[in-house]
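Novice: The structure file entry-v4.cif (mmCIF, C-alpha atoms) is provided below.
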data_entry
#
loop_
_atom_site.label_atom_id
_atom_site.label_comp_id
_atom_site.auth_asym_id
_atom_site.auth_seq_id
_atom_site.Cartn_x
_atom_site.Cartn_y
_atom_site.Cartn_z
CA MET A 1 0.00 0.00 0.00
CA ARG A 2 1.18 3.51 -0.82
CA ASN A 3 -0.31 6.70 0.60
CA GLY A 4 -3.37 4.76 1.79
CA MET A 5 -4.02 3.22 -1.66
CA LYS A 6 -3.69 -0.44 -2.60
CA VAL A 7 -1.41 -1.17 -5.57
CA TYR A 8 -1.72 -4.06 -8.06
CA ASP A 9 1.22 -4.26 -10.47
CA SER A 10 -0.20 -5.89 -13.61
CA ASP A 11 3.05 -6.61 -15.45
CA THR A 12 6.11 -8.09 -13.75
CA HIS A 13 8.34 -11.04 -14.60
CA VAL A 14 9.55 -14.24 -12.97
CA THR A 15 11.94 -16.86 -14.31
CA ALA A 16 13.00 -19.95 -12.43
CA THR A 17 16.64 -20.97 -12.33
CA ALA A 18 17.64 -24.29 -13.84
CA GLU A 19 18.39 -25.52 -10.35
CA SER A 20 14.83 -24.69 -9.28
CA LEU A 21 13.14 -26.22 -12.32
CA GLU A 22 15.09 -29.46 -12.08
CA LEU A 23 13.27 -30.20 -8.83
CA TYR A 24 9.95 -30.27 -10.72
CA LEU A 25 10.95 -32.16 -13.88
CA PRO A 26 9.88 -35.80 -14.18
CA SER A 27 12.55 -38.49 -14.40
CA THR A 28 11.61 -39.20 -18.03
CA VAL A 29 12.71 -35.69 -19.06
CA LYS A 30 15.86 -35.88 -16.98
CA GLU A 31 16.73 -39.00 -18.95
CA LEU A 32 16.13 -37.16 -22.24
CA LEU A 33 18.39 -34.39 -20.93
CA SER A 34 21.12 -36.75 -19.81
CA ASP A 35 23.59 -34.14 -21.03
CA ALA A 36 21.60 -31.41 -19.26
CA GLU A 37 24.66 -29.31 -18.50
CA ARG A 38 24.94 -28.26 -22.14
CA TYR A 39 21.45 -26.76 -21.90
CA LYS A 40 22.42 -24.54 -18.96
CA SER A 41 23.84 -21.03 -19.10
CA PRO A 42 25.29 -19.28 -16.03
CA ILE A 43 23.41 -16.19 -14.81
CA ARG A 44 26.24 -13.66 -14.63
CA ARG A 45 23.95 -10.65 -14.78
CA THR A 46 20.32 -10.25 -13.81
CA SER A 47 17.88 -8.82 -16.34
CA ALA A 48 17.98 -5.50 -14.42
CA GLY A 49 21.76 -5.34 -14.71
CA SER A 50 23.08 -6.61 -11.37
CA THR A 51 26.48 -8.25 -11.76
CA LEU A 52 26.56 -11.60 -9.97
CA GLU A 53 29.50 -13.50 -8.54
CA PRO A 54 30.18 -17.24 -8.66
CA PRO A 55 28.99 -19.77 -7.85
CA TYR A 56 26.40 -18.90 -10.49
CA ALA A 57 22.84 -20.08 -10.73
CA HIS A 58 21.86 -21.13 -14.25
CA ARG A 59 19.09 -20.81 -16.83
CA PHE A 60 17.91 -23.57 -19.10
CA SER A 61 18.22 -22.81 -22.81
CA LEU A 62 16.59 -25.55 -24.86
CA GLY A 63 16.79 -24.02 -28.33
CA SER A 64 16.31 -20.92 -30.40
CA GLY A 65 12.74 -20.35 -29.22
CA GLY A 66 11.82 -18.71 -32.53
CA GLY A 67 14.52 -16.09 -32.95
CA GLY A 68 13.53 -12.43 -33.01
CA TRP A 69 15.17 -9.04 -32.79
CA GLY A 70 16.64 -9.90 -29.40
CA SER A 71 18.87 -12.69 -30.70
CA ASP A 72 20.25 -11.80 -34.13
CA ALA A 73 23.35 -9.69 -34.78
CA PRO A 74 22.41 -6.01 -34.24
CA ARG A 75 22.61 -3.34 -36.92
CA THR A 76 22.91 0.33 -35.95
CA LEU A 77 20.63 2.63 -37.97
CA GLY A 78 22.49 4.17 -40.88
CA GLN A 79 24.82 1.21 -41.30
CA ALA A 80 24.50 -1.13 -44.28
CA GLU A 81 24.99 -4.40 -42.41
CA PRO A 82 24.91 -5.79 -38.90
CA ASP A 83 28.25 -5.78 -37.11
CA GLN A 84 28.88 -9.43 -36.34
CA ASN A 85 31.67 -8.53 -33.90
CA THR A 86 29.74 -5.99 -31.82
CA GLU A 87 28.62 -7.11 -28.38
CA ARG A 88 24.94 -6.44 -27.85
CA ARG A 89 24.38 -3.37 -25.66
CA PRO A 90 22.48 -4.15 -22.44
CA GLN A 91 19.26 -2.22 -21.93
CA LYS A 92 19.66 0.85 -19.75
CA PHE A 93 18.24 0.46 -16.25
CA MET A 94 15.66 3.23 -15.82
CA GLY A 95 15.27 3.12 -12.03
CA ALA A 96 17.23 4.54 -9.12
CA LYS A 97 18.16 1.29 -7.37
CA LEU A 98 18.66 -2.20 -8.73
CA PRO A 99 16.07 -4.73 -7.53
CA ALA A 100 17.18 -7.67 -5.41
CA ALA A 101 19.58 -9.75 -7.48
CA ASP A 102 17.60 -12.93 -6.78
CA GLY A 103 14.16 -11.32 -6.89
CA GLU A 104 13.52 -13.05 -10.20
CA TRP A 105 13.53 -16.49 -8.57
CA VAL A 106 13.37 -16.10 -4.76
CA ALA A 107 9.94 -15.16 -3.42
CA ALA A 108 11.17 -13.68 -0.12
CA SER A 109 13.50 -11.25 -1.92
CA ARG A 110 10.75 -10.27 -4.30
CA LEU A 111 8.33 -9.57 -1.46
CA ARG A 112 10.88 -7.29 0.22
CA ASP A 113 11.15 -5.29 -3.02
CA MET A 114 7.36 -5.13 -3.23
CA ASP A 115 7.18 -3.77 0.32
CA GLU A 116 9.84 -1.16 -0.44
CA GLU A 117 7.96 0.08 -3.49
CA GLY A 118 4.53 -0.12 -1.86
CA VAL A 119 3.08 -2.88 -4.05
CA ASP A 120 0.40 -5.16 -2.59
CA VAL A 121 0.02 -7.63 -5.48
CA GLN A 122 2.11 -8.52 -8.53
CA LEU A 123 0.94 -10.28 -11.67
CA MET A 124 3.96 -12.22 -12.96
CA VAL A 125 4.61 -13.24 -16.56
CA PRO A 126 6.80 -16.35 -16.33
CA GLY A 127 9.64 -17.19 -18.64
CA VAL A 128 9.64 -20.86 -19.68
CA PRO A 129 12.42 -22.65 -21.61
CA ARG A 130 11.29 -23.91 -25.02
CA GLY A 131 12.67 -24.90 -28.39
CA HIS A 132 13.95 -28.44 -27.74
CA GLN A 133 14.02 -30.73 -30.77
CA ASP A 134 11.77 -33.16 -28.87
CA ARG A 135 8.43 -31.40 -28.38
CA ALA A 136 7.64 -33.61 -25.38
CA VAL A 137 10.49 -31.89 -23.53
CA ASP A 138 8.92 -28.46 -24.08
CA LEU A 139 5.60 -29.72 -22.74
CA GLU A 140 7.20 -31.13 -19.59
CA PHE A 141 8.99 -27.84 -18.96
CA ILE A 142 5.63 -26.06 -19.14
CA ARG A 143 4.20 -28.45 -16.56
CA ALA A 144 7.28 -28.22 -14.34
CA ASN A 145 7.15 -24.43 -14.39
CA HIS A 146 3.55 -24.49 -13.18
CA ARG A 147 4.56 -26.73 -10.29
CA PHE A 148 7.39 -24.32 -9.49
CA LEU A 149 4.99 -21.36 -9.56
CA ASN A 150 2.58 -23.14 -7.26
CA ASP A 151 5.29 -23.31 -4.59
CA PHE A 152 6.79 -19.89 -5.39
CA CYS A 153 3.44 -18.09 -5.14
CA GLY A 154 2.43 -20.25 -2.19
CA VAL A 155 4.83 -18.21 -0.03
CA ALA A 156 2.31 -15.34 -0.26
CA PRO A 157 -0.68 -16.53 -2.33
CA HIS A 158 -2.66 -13.29 -1.95
CA ARG A 159 0.24 -11.18 -3.17
CA LEU A 160 1.97 -13.27 -5.84
CA LYS A 161 -0.09 -14.07 -8.94
CA ALA A 162 1.05 -15.54 -12.26
CA LEU A 163 -0.01 -16.60 -15.73
CA LEU A 164 -0.18 -20.12 -17.00
CA THR A 165 2.22 -20.26 -19.93
CA LEU A 166 0.77 -22.51 -22.61
CA ASP A 167 1.56 -23.54 -26.18
CA ALA A 168 -0.72 -23.92 -29.20
CA ARG A 169 1.27 -27.01 -30.24
CA PHE A 170 -0.30 -28.74 -27.22
CA ILE A 171 -3.96 -27.76 -27.28
CA GLU A 172 -5.55 -30.54 -25.25
CA GLU A 173 -2.63 -30.60 -22.84
CA SER A 174 -2.87 -26.81 -22.45
CA ALA A 175 -6.58 -27.08 -21.69
CA GLU A 176 -5.75 -29.70 -19.07
CA GLU A 177 -3.19 -27.41 -17.45
CA ILE A 178 -5.91 -24.75 -17.21
CA ARG A 179 -8.24 -27.20 -15.49
CA THR A 180 -5.46 -28.40 -13.19
CA TRP A 181 -4.43 -24.96 -11.95
CA GLY A 182 -7.49 -22.80 -12.67
CA ASN A 183 -8.78 -22.97 -9.10
CA SER A 184 -5.40 -22.25 -7.51
CA ALA A 185 -4.88 -18.96 -5.71
CA TRP A 186 -2.04 -17.88 -7.99
CA ALA A 187 -3.17 -18.70 -11.55
CA VAL A 188 -5.20 -15.73 -12.80
CA GLY A 189 -4.70 -15.85 -16.57
CA ILE A 190 -3.00 -17.54 -19.51
CA TRP A 191 -0.29 -16.53 -21.96
CA LEU A 192 -0.40 -18.66 -25.11
CA ASN A 193 2.68 -19.18 -27.25
CA LEU A 194 1.81 -19.46 -30.93
CA PRO A 195 3.93 -21.10 -33.63
CA LEU A 196 5.04 -18.80 -36.42
CA ASP A 197 2.15 -17.87 -38.74
CA TYR A 198 -0.43 -19.53 -36.47
CA PRO A 199 -3.32 -17.07 -35.86
CA LEU A 200 -4.77 -16.34 -32.44
CA ASP A 201 -8.26 -16.87 -33.88
CA HIS A 202 -7.55 -20.39 -35.18
CA PRO A 203 -10.63 -22.59 -34.64
CA ASP A 204 -8.51 -25.41 -33.17
CA LEU A 205 -7.92 -23.22 -30.10
CA HIS A 206 -11.51 -23.40 -28.86
CA PRO A 207 -10.74 -26.05 -26.20
CA ILE A 208 -8.36 -23.55 -24.62
CA TRP A 209 -10.86 -20.66 -24.73
CA ARG A 210 -13.56 -22.96 -23.31
CA ALA A 211 -11.31 -23.95 -20.42
CA VAL A 212 -10.39 -20.30 -19.78
CA GLU A 213 -14.06 -19.36 -19.69
CA ASP A 214 -14.93 -22.24 -17.36
CA GLU A 215 -12.15 -21.36 -14.91
CA GLY A 216 -12.80 -17.60 -14.98
CA LEU A 217 -9.30 -16.68 -16.15
CA CYS A 218 -8.02 -13.89 -18.41
CA VAL A 219 -6.38 -14.31 -21.83
CA VAL A 220 -3.20 -12.19 -21.91
CA HIS A 221 -1.08 -10.97 -24.79
CA HIS A 222 2.44 -9.94 -23.81
CA SER A 223 4.98 -9.12 -26.49
CA PHE A 224 8.58 -10.35 -26.36
CA SER A 225 11.62 -9.96 -28.59
CA GLY A 226 10.80 -13.25 -30.29
CA GLY A 227 7.11 -12.86 -29.77
CA TYR A 228 4.35 -13.50 -32.25
CA PRO A 229 4.00 -11.76 -34.60
CA GLY A 230 5.80 -8.43 -34.80
CA TYR A 231 9.49 -9.23 -34.67
CA ARG A 232 10.20 -9.79 -38.38
CA ASP A 233 11.03 -7.22 -41.06
CA LEU A 234 12.74 -4.86 -38.61
CA TRP A 235 16.07 -4.81 -40.45
CA GLN A 236 18.00 -6.30 -37.52
CA ASN A 237 17.87 -3.08 -35.54
CA PRO A 238 17.07 -3.42 -31.79
CA PHE A 239 15.69 0.13 -31.60
CA MET A 240 13.22 -0.62 -34.38
CA GLY A 241 12.46 -4.01 -32.88
CA ARG A 242 11.66 -2.88 -29.35
CA THR A 243 9.80 0.22 -30.56
CA ALA A 244 7.64 -1.34 -33.28
CA SER A 245 7.19 -5.03 -32.54
CA HIS A 246 5.50 -4.72 -29.13
CA PRO A 247 2.58 -2.48 -30.14
CA TRP A 248 2.22 -4.20 -33.52
CA GLY A 249 2.10 -7.60 -31.84
CA ALA A 250 -0.64 -6.35 -29.53
CA MET A 251 -2.55 -4.61 -32.34
CA ARG A 252 -2.64 -7.82 -34.33
CA ALA A 253 -3.65 -9.88 -31.27
CA VAL A 254 -6.49 -7.49 -30.41
CA ALA A 255 -7.79 -7.43 -33.99
CA SER A 256 -7.62 -11.22 -34.23
CA PHE A 257 -9.25 -12.01 -30.88
CA LEU A 258 -12.01 -9.39 -30.97
CA GLY A 259 -12.57 -9.57 -34.72
CA ALA A 260 -13.14 -13.32 -34.57
CA GLY A 261 -16.10 -12.78 -32.25
CA LEU A 262 -14.54 -14.71 -29.36
CA MET A 263 -16.06 -12.34 -26.83
CA ASP A 264 -19.48 -13.16 -28.29
CA GLN A 265 -18.88 -16.90 -28.19
CA TYR A 266 -17.46 -16.78 -24.65
CA PRO A 267 -19.49 -14.09 -22.87
CA HIS A 268 -17.43 -14.10 -19.67
CA ILE A 269 -13.94 -14.30 -21.15
CA ARG A 270 -11.57 -11.39 -20.51
CA PHE A 271 -8.66 -10.22 -22.65
CA SER A 272 -5.73 -7.99 -21.74
CA ILE A 273 -2.54 -6.69 -23.31
CA LEU A 274 0.64 -6.02 -21.35
CA GLU A 275 3.83 -4.05 -22.08
CA SER A 276 2.66 -2.99 -25.52
CA GLY A 277 1.81 0.68 -25.03
CA PHE A 278 -1.71 2.02 -24.79
CA GLY A 279 -1.94 5.43 -26.46
CA TRP A 280 -2.76 3.72 -29.75
CA LEU A 281 -5.93 2.06 -28.41
CA PRO A 282 -8.49 4.72 -29.50
CA PHE A 283 -6.92 4.94 -32.94
CA TRP A 284 -6.92 1.16 -33.31
CA ALA A 285 -10.54 0.79 -32.20
CA ALA A 286 -11.67 3.30 -34.84
CA ARG A 287 -9.48 1.86 -37.57
CA MET A 288 -10.56 -1.73 -36.91
CA GLN A 289 -14.24 -0.75 -37.07
CA ASP A 290 -13.76 1.15 -40.31
CA GLN A 291 -11.89 -1.76 -41.90
CA ILE A 292 -14.54 -4.26 -40.80
CA GLU A 293 -17.09 -2.24 -42.76
CA TYR A 294 -14.75 -1.42 -45.64
CA MET A 295 -12.89 -4.71 -46.08
CA GLY A 296 -14.96 -7.39 -44.37
CA TYR A 297 -13.55 -10.89 -43.83
CA VAL A 298 -14.79 -11.07 -40.25
CA PRO A 299 -17.86 -12.92 -38.97
CA ASP A 300 -21.01 -11.10 -37.92
CA LEU A 301 -20.29 -9.39 -34.60
CA LYS A 302 -22.74 -8.33 -31.92
CA HIS A 303 -20.82 -5.18 -31.01
CA THR A 304 -18.40 -2.64 -32.40
CA MET A 305 -14.68 -2.82 -31.65
CA ALA A 306 -14.99 0.18 -29.33
CA GLU A 307 -17.82 -1.54 -27.47
CA TYR A 308 -15.75 -4.69 -26.93
CA MET A 309 -12.81 -2.62 -25.74
CA GLY A 310 -15.02 -0.59 -23.41
CA SER A 311 -17.02 -3.54 -22.11
CA GLY A 312 -15.14 -4.04 -18.85
CA ARG A 313 -13.73 -7.30 -20.25
CA PHE A 314 -10.80 -5.72 -22.10
CA PHE A 315 -7.79 -4.28 -20.26
CA ALA A 316 -4.35 -2.84 -20.97
CA SER A 317 -1.39 -2.17 -18.74
CA ILE A 318 0.15 1.27 -18.86
CA VAL A 319 3.78 1.87 -19.73
CA LEU A 320 5.33 4.59 -17.62
CA HIS A 321 6.94 6.61 -20.40
CA GLU A 322 3.58 7.45 -22.05
CA GLY A 323 2.70 9.57 -19.03
CA PRO A 324 -0.39 11.07 -17.40
CA GLU A 325 -1.74 13.00 -20.37
CA MET A 326 -1.93 9.81 -22.42
CA VAL A 327 -3.61 8.00 -19.52
CA ARG A 328 -6.24 10.68 -19.22
CA MET A 329 -6.84 10.89 -22.98
CA VAL A 330 -7.35 7.12 -23.37
CA SER A 331 -9.53 6.94 -20.26
CA ASP A 332 -11.67 9.87 -21.44
CA MET A 333 -12.15 8.32 -24.87
CA MET A 334 -12.55 4.64 -23.94
CA GLY A 335 -13.62 4.57 -20.32
CA ARG A 336 -12.03 4.45 -16.90
CA GLN A 337 -12.35 0.67 -16.65
CA LEU A 338 -9.52 0.00 -19.11
CA LEU A 339 -6.01 0.86 -17.90
CA MET A 340 -3.94 -0.88 -15.20
CA TYR A 341 -0.75 0.17 -13.42
CA SER A 342 2.39 -1.78 -14.29
CA SER A 343 6.12 -1.41 -13.69
CA ASP A 344 7.83 -4.23 -15.68
CA TYR A 345 9.71 -5.28 -12.52
CA PRO A 346 12.49 -6.46 -12.44
CA HIS A 347 13.33 -5.64 -16.05
CA PRO A 348 15.39 -2.52 -16.82
CA GLU A 349 12.31 -0.54 -17.90
CA THR A 350 11.10 -0.43 -14.28
CA ARG A 351 11.66 2.77 -12.29
CA PHE A 352 12.29 0.73 -9.14
CA PRO A 353 11.86 1.65 -6.35
CA GLY A 354 9.97 4.72 -7.56
CA SER A 355 7.48 3.37 -10.11
CA VAL A 356 4.46 3.63 -7.79
CA ASP A 357 5.44 7.09 -6.54
CA LEU A 358 5.90 8.25 -10.13
CA VAL A 359 2.32 7.38 -11.12
CA MET A 360 0.85 8.62 -7.85
CA GLY A 361 2.51 11.94 -8.54
CA TRP A 362 0.70 12.43 -11.84
CA GLU A 363 -1.42 15.47 -10.97
CA ALA A 364 -3.38 15.19 -14.22
CA LEU A 365 -5.21 12.15 -12.80
CA ASP A 366 -8.09 12.61 -10.34
CA GLN A 367 -8.35 10.29 -7.36
CA ASP A 368 -11.11 8.16 -8.87
CA LEU A 369 -9.09 7.44 -12.01
CA LEU A 370 -5.93 6.84 -9.99
CA GLN A 371 -7.76 4.35 -7.76
CA ARG A 372 -9.01 2.46 -10.80
CA ILE A 373 -5.59 2.35 -12.45
CA MET A 374 -3.67 1.35 -9.33
CA TRP A 375 -6.10 -1.33 -8.10
CA ASP A 376 -9.70 -1.63 -9.28
CA ASN A 377 -9.11 -2.40 -12.96
CA ALA A 378 -6.50 -5.08 -12.27
CA VAL A 379 -8.88 -6.73 -9.79
CA ALA A 380 -11.61 -6.70 -12.46
CA CYS A 381 -9.14 -8.22 -14.94
CA PHE A 382 -7.46 -10.86 -12.78
CA GLY A 383 -9.89 -11.35 -9.89
CA GLU A 384 -9.95 -10.42 -6.23
CA PRO A 385 -6.58 -11.32 -4.70
#
Render the structure in this file as structure tokens.

Specialist:
Amino acid sequence: MRNGMKVYDSDTHVTATAESLELYLPSTVKELLSDAERYKSPIRRTSAGSTLEPPYAHRFSLGSGGGGWGSDAPRTLGQAEPDQNTERRPQKFMGAKLPAADGEWVAASRLRDMDEEGVDVQLMVPGVPRGHQDRAVDLEFIRANHRFLNDFCGVAPHRLKALLTLDARFIEESAEEIRTWGNSAWAVGIWLNLPLDYPLDHPDLHPIWRAVEDEGLCVVHHSFSGGYPGYRDLWQNPFMGRTASHPWGAMRAVASFLGAGLMDQYPHIRFSILESGFGWLPFWAARMQDQIEYMGYVPDLKHTMAEYMGSGRFFASIVLHEGPEMVRMVSDMMGRQLLMYSSDYPHPETRFPGSVDLVMGWEALDQDLLQRIMWDNAVACFGEP
């Protein structure tokens, strides 16, 4: 709590170490990874930029995971080709103090950081190793990560919430994971990994949407450097990639999910976008509606795009750099039920430990709107903690 107001951070990140995940992997996978050490990379620096000392914890790296602007050789704008010999520049930490070095995988350290910043609840987007040549290995890592999260969040189940990370290659198995964990205190939504060129509105995905609806969870789109679909055609430039791919990925996801009529077919399902910007939402609602009428190729819908986005079943996390004027403009145009506070903890984009104070200092926001952004809208999206 900060200044008498509860705070729900709707976009943070958690990634288990290899040492943690190994405890939850079945023996069959351990046998397949008999040379497991070659799949491990030492964690010499945290994602926020803390330099660690040996003995190092490790991350599993099973394969390419789909590539993306975060993995290829970088090209600086104005140059003809990528520089194969240039070391990739780490992202600049935007806060005043580095988060706990082990806050990405130790619940107690994370909770101390939450207390320092004044955060009551965090929604965590988990990182899960994927890309092994044997698809069964990827599936078992998904299941193991959910078992890890059950124990991690169990340290403070009313404060630590997370997404189920699923995969469209495993539709029935993904639906079963939803049914397994849907009633747990920590699982409040799903993030679905899609193979390249596999649309979010594909009819084969209905078992997943049905399970989400039955369990009262939220469908979440969160963009990543290798995320579907906006990482290609960016000319190998990290500035272009980070700037363009996140909102484009979210734009395409919103158009696909809403345009397919999934909110009509599943009248209680909720959809949210994280870490993708939000100032573009009014423009996108108007453009989608115009193109539905102009171009077609969507089924008959019961509502307009703006009505779906203003229904109280669609949500978006804020990004801090867009500022209070953008928050007020989007809320005035699309309703106060839409936007949710987020910090991106512990990634470098966070303003830790001042992210909450930054937003609470935005004088352009009245107390009612601030209350909705800091707490009420996230509770409507992810459920009462």

Novice: Spell out the residues picked by the PyMOL selection byres ((chain A and resi 304) around 10) here, as a list in words.

Specialist: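 With the shown file as input, the PyMOL selection byres ((chain A and resi 304) around 10) matches Leu258, Gly259, Ala285, Ala286, Met288, Gln289, Asp290, Ile292, Leu301, Lys302, His303, Met305, Ala306, Glu307, Tyr308, Met309 and Gly310 of chain A.
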
Novice: Please evaluate the PyMOL selection byres ((chain A and resi 52-65) around 10) against the structure above and give the resulting residues as JSON, numbers by chain.

Specialist: {"A": [15, 16, 17, 18, 19, 20, 21, 22, 33, 36, 37, 38, 39, 40, 41, 42, 43, 44, 45, 46, 49, 50, 51, 66, 67, 68, 71, 101, 102, 128, 129, 130, 131, 132, 133, 134, 137, 138, 141, 195, 226, 227]}

Novice: Near A:Ile171, counting all atoms listed in the file, which residues have an atom at most 8 Å away, once you skip same-chain residues fewer than 2 positions from it, shown as a ChimeraX atom specification?

Specialist: /A:167-169,173-175,204-205,207-208

Novice: Export C-alpha atoms of the chosen residues as a PDB file, keeping the file's coordinate frame?

Specialist:
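Dumped everything to part-v3.pdb:
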ATOM      1  CA  ASP A 167       1.560 -23.540 -26.180  1.00  0.00           C
ATOM      2  CA  ALA A 168      -0.720 -23.920 -29.200  1.00  0.00           C
ATOM      3  CA  ARG A 169       1.270 -27.010 -30.240  1.00  0.00           C
ATOM      4  CA  GLU A 173      -2.630 -30.600 -22.840  1.00  0.00           C
ATOM      5  CA  SER A 174      -2.870 -26.810 -22.450  1.00  0.00           C
ATOM      6  CA  ALA A 175      -6.580 -27.080 -21.690  1.00  0.00           C
ATOM      7  CA  ASP A 204      -8.510 -25.410 -33.170  1.00  0.00           C
ATOM      8  CA  LEU A 205      -7.920 -23.220 -30.100  1.00  0.00           C
ATOM      9  CA  PRO A 207     -10.740 -26.050 -26.200  1.00  0.00           C
ATOM     10  CA  ILE A 208      -8.360 -23.550 -24.620  1.00  0.00           C
TER      11      ILE A 208
END

Novice: List the neighbours of stretch 354-366 of chain A out to 10 Å using all atoms listed in the file; skip same-chain residues closer than 4 positions along the sequence, and give me the result as a ChimeraX atom specification.

Specialist: /A:1-3,5,7-9,94-97,116-119,320,323-328,341-345,349-350,370-371,373-374

Novice: Would you mind reading off the distance between atom CA of A:Asp264 and atom CA of A:Leu192, one decimal, in Å?

Specialist: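 For atom CA of A:Asp264 relative to atom CA of A:Leu192, the distance reads 20.1 Å.
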
Novice: Could you pull the residues within 10 Å of A:Phe382, counting all atoms listed in the file, minus those fewer than 6 positions along the same chain, as number ranges by chain?

Specialist: A: 10, 123, 161-163, 187-189, 216-219, 270-272, 315

Novice: So, counting only C-alpha atoms, which residue among A:Gln367, A:Asn237, A:Gln291, A:Ser276 is closest to A:Met251?

Specialist: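 So, comparing all the options, the nearest one is A:Ser276.
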
Novice: Using only C-alpha atoms for the distances, tell me which of A:Phe239, A:Tyr24, A:Phe224, A:Phe278 is nearest to A:His146.

Specialist: A:Tyr24

Novice: When you look at A:Pro157 with a cut-off of 10 Å (counting only C-alpha atoms), what residues show up, excluding the ones that are within fewer than 4 positions of it in the same chain? I need them as a list in words.

Specialist: Val121, Asn150, Asp151, Phe152, Cys153, Lys161, Ser184, Ala185, Trp186, Ala187 and Pro385 of chain A

Novice: Taking into account only C-alpha atoms, which residue in the set A:Asp214, A:Asp300, A:Asp72, A:Asp11 is nearest to A:Gly182?

Specialist: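 Under the stated criterion, the closest residue is A:Asp214.
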
Novice: Could you state the separation of atom CA of A:Ile178 and atom CA of A:Ala211 in Å, given to one decimal place?

Specialist: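 Distance reported for this atom pair: 6.3 Å.
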
Novice: How would you write as an NGL selection string the residues that get within 12 Å of (-22.2, -18.9, -23.7) in the file's frame, counting only C-alpha atoms?

Specialist: :A and (209-210 or 213-214 or 262-269)

Novice: Please compute the atom CA of A:Asp368-atom CA of A:Cys381 distance, one decimal, in Å.

Specialist: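 Going from atom CA of A:Asp368 over to atom CA of A:Cys381 covers 17.6 Å.
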
Novice: From the options A:Ala156, A:Ile142, A:Leu196, A:Leu98, which residue's atoms come nearest to A:Glu177, counting only C-alpha atoms?

Specialist: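 For A:Glu177, the nearest of the given residues is A:Ile142.
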
Novice: Report the residues retrieved by the PyMOL selection byres ((chain A and resi 89) around 12) from the displayed file, expressed as a list in words.

Specialist: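 So the PyMOL selection byres ((chain A and resi 89) around 12), applied here, picks out Gly49, Gly70, Ser71, Ala73, Pro74, Arg75, Thr76, Thr86, Glu87, Arg88, Pro90, Gln91, Lys92, Phe93, Asn237, Pro238 and Phe239 of chain A.
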
Novice: For A:Gly383, which residue among A:Arg313, A:Arg112, A:Arg287, A:His246 is the nearest when counting only C-alpha atoms?

Specialist: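 Among A:Arg313, A:Arg112, A:Arg287, A:His246, it is A:Arg313 that comes nearest to A:Gly383.
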